[in-house]
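What follows is structure-v4.txt (compact mmCIF, C-alpha atoms).
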# COMPACT_ATOMS: atom_id res chain seq x y z
CA MET A 92 14.37 8.64 4.32
CA ARG A 93 16.05 5.84 2.44
CA LYS A 94 14.85 4.78 -0.99
CA VAL A 95 14.11 1.33 -2.35
CA PRO A 96 13.41 0.11 -5.89
CA LEU A 97 9.79 -0.23 -7.01
CA GLY A 98 10.22 -3.61 -8.63
CA GLU A 99 11.27 -3.29 -12.26
CA ALA A 100 9.82 0.20 -12.67
CA GLY A 101 13.30 1.72 -12.73
CA VAL A 102 12.48 4.22 -9.99
CA GLN A 103 13.42 4.51 -6.33
CA VAL A 104 10.64 5.26 -3.85
CA SER A 105 10.49 5.99 -0.14
CA ALA A 106 10.91 2.95 2.11
CA LEU A 107 7.75 3.98 3.96
CA CYS A 108 4.78 5.02 1.84
CA LEU A 109 2.27 7.43 3.37
CA GLY A 110 -1.27 6.12 3.12
CA CYS A 111 -3.71 9.00 2.64
CA MET A 112 -7.00 7.10 2.78
CA PHE A 113 -8.77 9.27 5.34
CA PHE A 114 -7.21 12.61 4.45
CA GLY A 115 -9.98 15.05 3.68
CA THR A 116 -12.69 12.99 5.42
CA ARG A 117 -11.98 11.40 8.81
CA VAL A 118 -8.75 13.43 9.08
CA ASP A 119 -9.52 17.11 8.59
CA ASP A 120 -7.70 19.25 6.03
CA ARG A 121 -5.47 21.06 8.51
CA THR A 122 -4.27 17.86 10.19
CA SER A 123 -3.87 16.10 6.85
CA MET A 124 -1.66 18.86 5.48
CA ARG A 125 0.41 18.99 8.65
CA LEU A 126 1.08 15.24 8.45
CA LEU A 127 1.95 15.54 4.77
CA ASP A 128 4.36 18.36 5.62
CA ARG A 129 5.98 16.27 8.34
CA TYR A 130 6.31 13.25 6.04
CA THR A 131 8.02 15.25 3.30
CA ALA A 132 10.21 17.04 5.84
CA ALA A 133 11.42 13.60 6.93
CA GLY A 134 12.43 12.89 3.33
CA GLY A 135 9.34 10.94 2.32
CA ALA A 136 7.91 11.35 -1.17
CA PHE A 137 5.67 8.30 -1.83
CA LEU A 138 1.95 9.04 -1.41
CA ASP A 139 -0.84 6.48 -1.74
CA THR A 140 -4.51 7.24 -2.37
CA ALA A 141 -7.44 5.99 -4.49
CA ASN A 142 -10.36 7.47 -6.36
CA ASN A 143 -12.84 5.89 -3.90
CA TYR A 144 -11.30 7.24 -0.65
CA ALA A 145 -13.29 7.50 1.46
CA PHE A 146 -16.87 7.05 0.28
CA TRP A 147 -17.82 4.88 3.28
CA VAL A 148 -17.05 7.58 5.86
CA THR A 149 -20.07 9.61 6.97
CA GLY A 150 -20.33 12.50 4.53
CA GLY A 151 -17.81 10.97 2.15
CA ARG A 152 -18.51 10.46 -1.53
CA GLY A 153 -15.11 9.29 -2.77
CA GLY A 154 -12.37 11.46 -4.22
CA GLU A 155 -11.84 13.52 -1.06
CA SER A 156 -8.34 12.15 -0.46
CA GLU A 157 -7.21 12.87 -4.03
CA ALA A 158 -8.68 16.38 -3.83
CA LEU A 159 -6.91 17.06 -0.53
CA LEU A 160 -3.59 15.97 -2.01
CA GLY A 161 -4.23 18.17 -5.05
CA ARG A 162 -4.86 21.23 -2.88
CA TRP A 163 -1.80 20.52 -0.73
CA MET A 164 0.53 20.00 -3.71
CA ARG A 165 -0.75 23.19 -5.32
CA LEU A 166 -0.14 25.16 -2.11
CA ARG A 167 3.34 23.71 -1.59
CA GLY A 168 4.38 23.68 -5.25
CA ASN A 169 6.02 20.31 -4.74
CA ARG A 170 4.35 17.98 -7.25
CA ASN A 171 7.57 17.33 -9.18
CA ARG A 172 9.29 16.08 -6.00
CA LEU A 173 6.64 13.48 -5.20
CA PHE A 174 5.71 9.99 -6.36
CA VAL A 175 1.92 9.79 -6.32
CA ALA A 176 -0.03 6.55 -6.53
CA THR A 177 -3.78 6.26 -6.92
CA LYS A 178 -6.21 3.49 -7.87
CA VAL A 179 -9.17 2.62 -10.07
CA GLY A 180 -11.73 -0.16 -9.77
CA GLY A 181 -12.79 0.13 -6.15
CA ALA A 182 -15.54 2.73 -6.32
CA PRO A 183 -19.15 1.51 -6.07
CA GLY A 184 -20.24 0.13 -9.43
CA GLU A 185 -16.80 0.61 -10.99
CA ASP A 186 -14.91 -2.21 -12.69
CA LEU A 187 -11.70 -2.47 -14.70
CA SER A 188 -13.16 -2.23 -18.18
CA ARG A 189 -11.61 0.17 -20.65
CA ALA A 190 -14.57 2.53 -20.36
CA ALA A 191 -14.33 2.64 -16.57
CA ILE A 192 -10.57 3.19 -16.54
CA VAL A 193 -10.58 5.91 -19.19
CA ALA A 194 -13.40 7.72 -17.39
CA ALA A 195 -11.81 7.39 -13.97
CA VAL A 196 -8.30 8.55 -14.80
CA ASP A 197 -9.36 12.02 -15.89
CA GLY A 198 -11.29 12.51 -12.65
CA SER A 199 -8.24 11.48 -10.62
CA LEU A 200 -5.95 13.78 -12.61
CA ARG A 201 -8.36 16.68 -12.08
CA ARG A 202 -8.69 16.13 -8.33
CA LEU A 203 -4.94 15.64 -7.91
CA ASP A 204 -4.33 18.78 -10.00
CA THR A 205 -1.62 17.03 -11.99
CA ASP A 206 -0.95 15.99 -15.57
CA HIS A 207 0.25 12.49 -14.71
CA ILE A 208 -0.08 9.70 -12.15
CA ASP A 209 3.20 8.08 -11.18
CA LEU A 210 1.66 4.72 -10.24
CA TYR A 211 -1.85 3.64 -11.20
CA TYR A 212 -3.26 0.55 -9.52
CA ALA A 213 -5.98 -1.86 -10.48
CA HIS A 214 -7.61 -1.64 -7.05
CA VAL A 215 -9.58 -4.90 -6.98
CA ASP A 216 -9.45 -7.85 -9.35
CA HIS A 217 -12.69 -7.82 -11.38
CA ARG A 218 -12.65 -11.28 -12.92
CA SER A 219 -15.69 -10.51 -15.05
CA VAL A 220 -13.42 -8.22 -17.10
CA ALA A 221 -10.74 -9.83 -19.26
CA LEU A 222 -7.21 -9.04 -18.11
CA ASP A 223 -6.41 -8.17 -21.72
CA ALA A 224 -8.95 -5.35 -21.73
CA THR A 225 -7.66 -3.89 -18.46
CA LEU A 226 -4.03 -4.02 -19.54
CA GLU A 227 -4.78 -2.54 -22.96
CA ALA A 228 -6.55 0.39 -21.28
CA PHE A 229 -3.60 0.93 -18.95
CA GLY A 230 -1.30 0.75 -21.96
CA GLU A 231 -3.24 3.56 -23.63
CA LEU A 232 -2.84 5.73 -20.54
CA VAL A 233 0.90 5.08 -20.38
CA ALA A 234 1.28 5.86 -24.09
CA ALA A 235 -0.67 9.09 -23.59
CA GLY A 236 1.59 10.15 -20.70
CA LYS A 237 -1.25 10.18 -18.19
CA VAL A 238 0.24 7.26 -16.23
CA ARG A 239 3.88 6.28 -15.81
CA HIS A 240 3.74 2.87 -14.08
CA ILE A 241 1.01 0.36 -13.28
CA GLY A 242 0.42 -1.97 -10.35
CA CYS A 243 -2.32 -4.14 -8.93
CA SER A 244 -3.91 -4.69 -5.55
CA ASN A 245 -5.96 -7.53 -4.08
CA TYR A 246 -4.88 -9.96 -6.79
CA ALA A 247 -4.00 -13.63 -6.39
CA ALA A 248 -0.43 -14.51 -7.36
CA TRP A 249 -1.52 -16.54 -10.40
CA ARG A 250 -3.50 -13.56 -11.70
CA VAL A 251 -0.45 -11.32 -11.44
CA GLU A 252 1.61 -13.87 -13.34
CA ARG A 253 -1.06 -14.27 -16.01
CA ALA A 254 -1.35 -10.49 -16.42
CA ARG A 255 2.40 -10.15 -16.84
CA ARG A 256 2.42 -12.88 -19.51
CA ILE A 257 -0.34 -11.08 -21.40
CA SER A 258 1.64 -7.84 -21.20
CA ASP A 259 4.75 -9.57 -22.54
CA ALA A 260 2.84 -11.20 -25.40
CA ARG A 261 1.17 -7.95 -26.46
CA GLY A 262 3.91 -5.45 -25.74
CA LEU A 263 1.92 -3.79 -22.95
CA PRO A 264 3.15 -2.31 -19.65
CA ARG A 265 3.59 -4.88 -16.88
CA TYR A 266 2.42 -4.65 -13.30
CA CYS A 267 5.56 -3.62 -11.41
CA CYS A 268 4.10 -4.11 -7.94
CA ILE A 269 1.27 -5.55 -5.91
CA GLN A 270 -0.29 -3.96 -2.85
CA GLN A 271 -1.85 -6.45 -0.45
CA ARG A 272 -3.04 -6.67 3.15
CA HIS A 273 0.10 -7.81 4.96
CA SER A 274 1.33 -7.73 8.54
CA TYR A 275 3.49 -9.73 10.95
CA VAL A 276 0.66 -11.86 12.30
CA ARG A 277 -0.97 -14.11 9.75
CA PRO A 278 -4.67 -14.61 9.07
CA ARG A 279 -6.10 -18.06 9.64
CA PRO A 280 -6.13 -20.15 6.46
CA GLY A 281 -9.41 -19.80 4.62
CA THR A 282 -10.53 -16.67 6.43
CA SER A 283 -11.96 -13.78 4.42
CA PHE A 284 -11.55 -9.99 4.35
CA GLY A 285 -14.14 -9.52 1.63
CA ALA A 286 -12.69 -7.68 -1.36
CA GLN A 287 -9.36 -7.33 0.41
CA LEU A 288 -6.81 -10.09 -0.10
CA ALA A 289 -4.08 -10.87 2.41
CA ALA A 290 -0.60 -11.78 1.24
CA ASP A 291 -0.65 -15.58 1.47
CA ASP A 292 2.23 -18.04 1.13
CA GLY A 293 1.68 -18.24 -2.62
CA LEU A 294 2.04 -14.51 -3.15
CA LEU A 295 5.02 -14.23 -0.80
CA ASP A 296 6.74 -17.05 -2.67
CA PHE A 297 5.92 -15.37 -5.99
CA CYS A 298 7.40 -12.03 -4.89
CA SER A 299 10.47 -13.75 -3.44
CA ALA A 300 11.10 -15.50 -6.75
CA ASN A 301 10.22 -12.41 -8.80
CA PRO A 302 11.80 -9.34 -7.15
CA GLU A 303 10.82 -7.34 -10.22
CA VAL A 304 7.33 -7.31 -8.68
CA ALA A 305 7.54 -5.16 -5.55
CA LEU A 306 5.32 -5.97 -2.57
CA LEU A 307 3.54 -3.16 -0.76
CA ALA A 308 1.86 -3.88 2.57
CA TYR A 309 -1.38 -2.16 3.50
CA SER A 310 -2.93 -2.35 6.99
CA PRO A 311 0.45 -3.45 8.39
CA LEU A 312 -0.37 -2.29 11.92
CA LEU A 313 -3.93 -3.63 12.05
CA SER A 314 -5.38 -0.22 13.00
CA ALA A 315 -3.06 0.06 16.04
CA ALA A 316 -4.10 -3.31 17.48
CA TYR A 317 -0.46 -4.15 18.28
CA THR A 318 -0.06 -1.26 20.69
CA VAL A 319 -3.43 0.13 21.79
CA PRO A 320 -4.95 -2.03 24.55
CA ASP A 321 -8.58 -1.41 23.60
CA ARG A 322 -7.99 -2.22 19.91
CA ALA A 323 -8.64 -5.90 19.36
CA ILE A 324 -6.68 -8.00 16.88
CA PRO A 325 -9.12 -8.60 13.98
CA ALA A 326 -11.01 -11.87 14.32
CA GLN A 327 -9.49 -13.24 11.10
CA TYR A 328 -6.09 -13.40 12.82
CA LEU A 329 -7.06 -14.91 16.17
CA GLY A 330 -5.61 -18.28 17.10
CA PRO A 331 -2.52 -20.08 18.43
CA ASP A 332 -0.31 -18.95 15.55
CA THR A 333 -0.99 -15.29 16.29
CA ASP A 334 -0.47 -15.89 20.03
CA ALA A 335 2.98 -17.31 19.30
CA ARG A 336 3.91 -14.47 16.99
CA LEU A 337 2.69 -11.79 19.40
CA SER A 338 4.85 -13.33 22.12
CA ALA A 339 7.92 -13.23 19.85
CA LEU A 340 7.07 -9.67 18.78
CA GLN A 341 6.95 -8.44 22.38
CA GLN A 342 10.27 -10.12 23.21
CA VAL A 343 12.01 -8.56 20.22
CA ALA A 344 10.44 -5.14 20.90
CA ARG A 345 11.77 -5.16 24.47
CA ALA A 346 15.23 -6.22 23.34
CA ALA A 347 15.30 -3.63 20.57
CA GLY A 348 13.97 -0.81 22.75
CA ALA A 349 11.26 -0.20 20.19
CA SER A 350 7.48 -0.26 20.04
CA ALA A 351 5.69 -3.29 18.65
CA ASN A 352 4.55 -1.17 15.72
CA GLN A 353 8.11 -0.19 14.91
CA VAL A 354 9.27 -3.81 14.99
CA VAL A 355 6.43 -4.87 12.69
CA LEU A 356 7.38 -2.18 10.16
CA ALA A 357 11.10 -2.94 10.47
CA TRP A 358 10.39 -6.67 9.99
CA LEU A 359 8.31 -5.99 6.86
CA MET A 360 11.17 -3.98 5.36
CA ALA A 361 13.84 -6.56 6.29
CA THR A 362 12.19 -9.94 5.78
CA THR A 363 11.96 -11.96 2.56
CA PRO A 364 10.32 -10.82 0.41
CA PRO A 365 10.85 -7.27 1.66
CA ALA A 366 7.79 -5.04 1.63
CA ILE A 367 7.16 -1.33 1.41
CA PRO A 368 4.77 -0.67 4.31
CA LEU A 369 2.00 1.89 4.02
CA ILE A 370 1.91 3.93 7.18
CA ALA A 371 -1.18 5.85 8.18
CA ALA A 372 -1.54 8.43 10.92
CA SER A 373 -4.25 10.71 12.20
CA ASN A 374 -2.05 12.54 14.73
CA ASP A 375 1.59 13.45 15.37
CA ALA A 376 2.21 10.74 17.97
CA GLN A 377 1.21 7.98 15.57
CA PHE A 378 3.31 9.52 12.84
CA ASP A 379 6.39 9.75 15.08
CA ASP A 380 6.00 6.14 16.19
CA ASN A 381 5.72 4.93 12.60
CA LEU A 382 8.64 6.97 11.37
CA GLY A 383 10.77 5.61 14.22
CA ALA A 384 10.75 2.22 12.52
CA LEU A 385 13.41 3.51 10.12
CA ALA A 386 15.88 3.62 13.01
CA VAL A 387 15.18 0.05 14.15
CA GLU A 388 17.78 -2.43 12.92
CA LEU A 389 16.77 -5.99 13.67
CA SER A 390 19.64 -8.43 14.16
CA ALA A 391 19.82 -11.69 12.27
CA GLU A 392 18.88 -13.48 15.48
CA GLN A 393 15.85 -11.25 16.02
CA LEU A 394 14.68 -11.73 12.45
CA ALA A 395 15.10 -15.47 12.82
CA MET A 396 13.08 -15.45 16.03
CA LEU A 397 10.28 -13.45 14.43
CA ASN A 398 10.22 -15.65 11.33
CA ALA A 399 10.27 -18.92 13.27
CA ALA A 400 7.40 -18.06 15.63
CA SER A 401 4.33 -20.16 14.89
CA ALA A 402 1.80 -22.42 16.57
With the file now loaded, output its structure as structure tokens.
Amino acid sequence: MRKVPLGEAGVQVSALCLGCMFFGTRVDDRTSMRLLDRYTAAGGAFLDTANNYAFWVTGGRGGESEALLGRWMRLRGNRNRLFVATKVGGAPGEDLSRAAIVAAVDGSLRRLDTDHIDLYYAHVDHRSVALDATLEAFGELVAAGKVRHIGCSNYAAWRVERARRISDARGLPRYCCIQQRHSYVRPRPGTSFGAQLAADDGLLDFCSANPEVALLAYSPLLSAAYTVPDRAIPAQYLGPDTDARLSALQQVARAAGASANQVVLAWLMATTPPAIPLIAASNDAQFDDNLGALAVELSAEQLAMLNAASA
């Protein structure tokens, strides 16, 4: 699998990141480990989880995904070949205060059975907590060797810029990336996903102008709504703009001999700003379809058609 830079972090990561949200809960241990084995066998090394995955699943309490990854890495003895990302700030009652971050990181390290986290995200922007306090806490973790790089998720572009200015002024680590809901179809202006933020024009413009901040795309395939007939496109996306983009997507997919999912992932990796998509799979067929996106090369004309489609 090819590698791409993670913003200004000075590291290369896999072009497709494996999202591990439901590993250990909705996806059983055996299937989870098989998918992890297949991902690494394909050359992938970038794993994404969070300390709250997946408390909302029946029987889940949070931490199951991290614990599953810890068991798998211990069994395979491969921790030093992987780039592991996890998050803090999204668990029930948890914010981004220093106390919350310092308490959470040790739990994540224990469950992951590792002495460091490669990329530690602020999961949700808690505006009741000063950015200074959050960044200072992250700086302590980096200085202690518990964390190597920091990123943010579900932040508005102006908050990312403000955080980076604070880091510069105080000599603290800077957010090297942002992970946001992002796909080919676009949500209607003003629509809400609750705590989740979609990559809007402001953020896309920010990342285009500041390539040192990498963009990671979560939920890029809208839970298989592009390809599974009984999976509806989420209501937040419905409208003439999405109709136009779905039509262009189908035309390009037919011309490219690829699935709609593969074209969406290939477009995310090739458009401006380029994104690192998070792929998620609960079975081998889904995994194979996602991985096939790496072989899809969209022509300049196809990219232009996809980019131009709108209501």
Rounded to one decimal in Å, what is the spacing between CA of Asp206 in chain A and CA of Lys237 in chain A?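 About the pair CA of Asp206 in chain A and CA of Lys237 in chain A: they are 6.4 Å apart.
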Any idea what's packed within 8 Å of Pro302 in chain A, counting all atoms listed in the file, ignoring anything in its chain fewer than 2 positions away? Could you give it as a VMD selection string? chain A and resid 98 to 99 298 to 300 304 to 305 364
Could you check which of A:Pro368, A:Ala395, A:Val276, A:Pro320 is closest to Ser105 in chain A, using only C-alpha atoms? A:Pro368
Have a look at A:Leu359, A:Val387, A:Val95, A:Ala315 and name the one nearest to Ala372 in chain A; count all atoms listed in the file.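 Among A:Leu359, A:Val387, A:Val95, A:Ala315, it is A:Ala315 that comes nearest to Ala372 in chain A.
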Find the spatial neighbours of Ser274 in chain A, counting only C-alpha atoms, within a cut-off of 10 Å - ignore same-chain residues fewer than 4 positions away - and output them as a ChimeraX atom specification. /A:278,289-290,308-313,355-356,358-359,366,368
Using 8 Å of padding on each side, determine the axis-aligned box around all atoms of range 293-310 of chain A present in the file and give its centre and edge lengths in Å to one decimal, as AutoDock Vina command-line options.
--center_x 4.4 --center_y -10.2 --center_z -1.6 --size_x 30.7 --size_y 32.1 --size_z 33.2
Neighbour list for Arg201 in chain A as an mmCIF file with C-alpha atoms, keeping the file's coordinate frame, cut-off 10 Å, all atoms listed in the file, skip fewer than 5 positions in-chain:
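So selection39.cif came out as:
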data_model
loop_
_atom_site.group_PDB
_atom_site.id
_atom_site.type_symbol
_atom_site.label_atom_id
_atom_site.label_comp_id
_atom_site.auth_asym_id
_atom_site.auth_seq_id
_atom_site.Cartn_x
_atom_site.Cartn_y
_atom_site.Cartn_z
ATOM 1 C CA GLU A 157 -7.210 12.870 -4.030
ATOM 2 C CA ALA A 158 -8.680 16.380 -3.830
ATOM 3 C CA GLY A 161 -4.230 18.170 -5.050
ATOM 4 C CA VAL A 196 -8.300 8.550 -14.800
ATOM 5 C CA ASP A 206 -0.950 15.990 -15.570
ATOM 6 C CA HIS A 207 0.250 12.490 -14.710
#
Nearest residue to Gln103 in chain A from the set A:Ala176, A:Leu222, A:Ala136, A:Leu340 (distances using all atoms listed in the file):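 Result for the nearest residue to Gln103 in chain A: A:Ala136.
CA of Leu97 in chain A is positioned 29.3 Å from CA of Arg117 in chain A.
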Closest to Met124 in chain A among A:Ile208, A:Cys267, A:Leu394, A:Leu159, using all atoms listed in the file?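 Checking each of A:Ile208, A:Cys267, A:Leu394, A:Leu159 against Met124 in chain A, counting all atoms listed in the file, the winner is A:Leu159.
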Measuring atom to atom with all atoms listed in the file, identify which of A:Tyr317, A:Phe229, A:Tyr212, A:Phe297 is nearest to Glu252 in chain A. A:Phe297
Close residues, Ala133 in chain A itself excluded, 7 Å, only C-alpha atoms, min 3 positions apart in chain, as a short mmCIF file (atom, residue, chain, number, x, y, z; two decimals) with C-alpha atoms, keeping the file's coordinate frame:
data_model
loop_
_atom_site.label_atom_id
_atom_site.label_comp_id
_atom_site.auth_asym_id
_atom_site.auth_seq_id
_atom_site.Cartn_x
_atom_site.Cartn_y
_atom_site.Cartn_z
CA MET A 92 14.37 8.64 4.32
CA ARG A 129 5.98 16.27 8.34
CA TYR A 130 6.31 13.25 6.04
#
Among the residues A:Cys243, A:Leu385, A:Ala371, A:Val238, the one that comes closest to Tyr266 in chain A [using all atoms listed in the file]: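 Checking each of A:Cys243, A:Leu385, A:Ala371, A:Val238 against Tyr266 in chain A, counting all atoms listed in the file, the winner is A:Cys243.
Separating CA of Leu307 in chain A from CA of Ile370 in chain A is a distance of 10.8 Å.
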Need the shell around Ser188 in chain A: protein/DNA/RNA residues with any atom at most 7 Å away, counting only C-alpha atoms. Skip same-chain ones fewer than 2 positions apart. Format as a compact mmCIF listing (two decimals) with C-alpha atoms, keeping the file's coordinate frame?
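For reference, out18.txt as written:
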# COMPACT_ATOMS: atom_id res chain seq x y z
CA ASP A 186 -14.91 -2.21 -12.69
CA ALA A 190 -14.57 2.53 -20.36
CA ALA A 191 -14.33 2.64 -16.57
CA ILE A 192 -10.57 3.19 -16.54
CA VAL A 220 -13.42 -8.22 -17.10
CA ALA A 224 -8.95 -5.35 -21.73
CA THR A 225 -7.66 -3.89 -18.46
Around (1.7, 8.4, -1.6) in the file's frame, which residues reach within 7 Å when counting only C-alpha atoms? Return as a list in words? Cys108, Leu109, Gly110, Cys111, Ala136, Phe137, Leu138, Asp139, Thr140, Phe174, Val175 and Ala176 of chain A
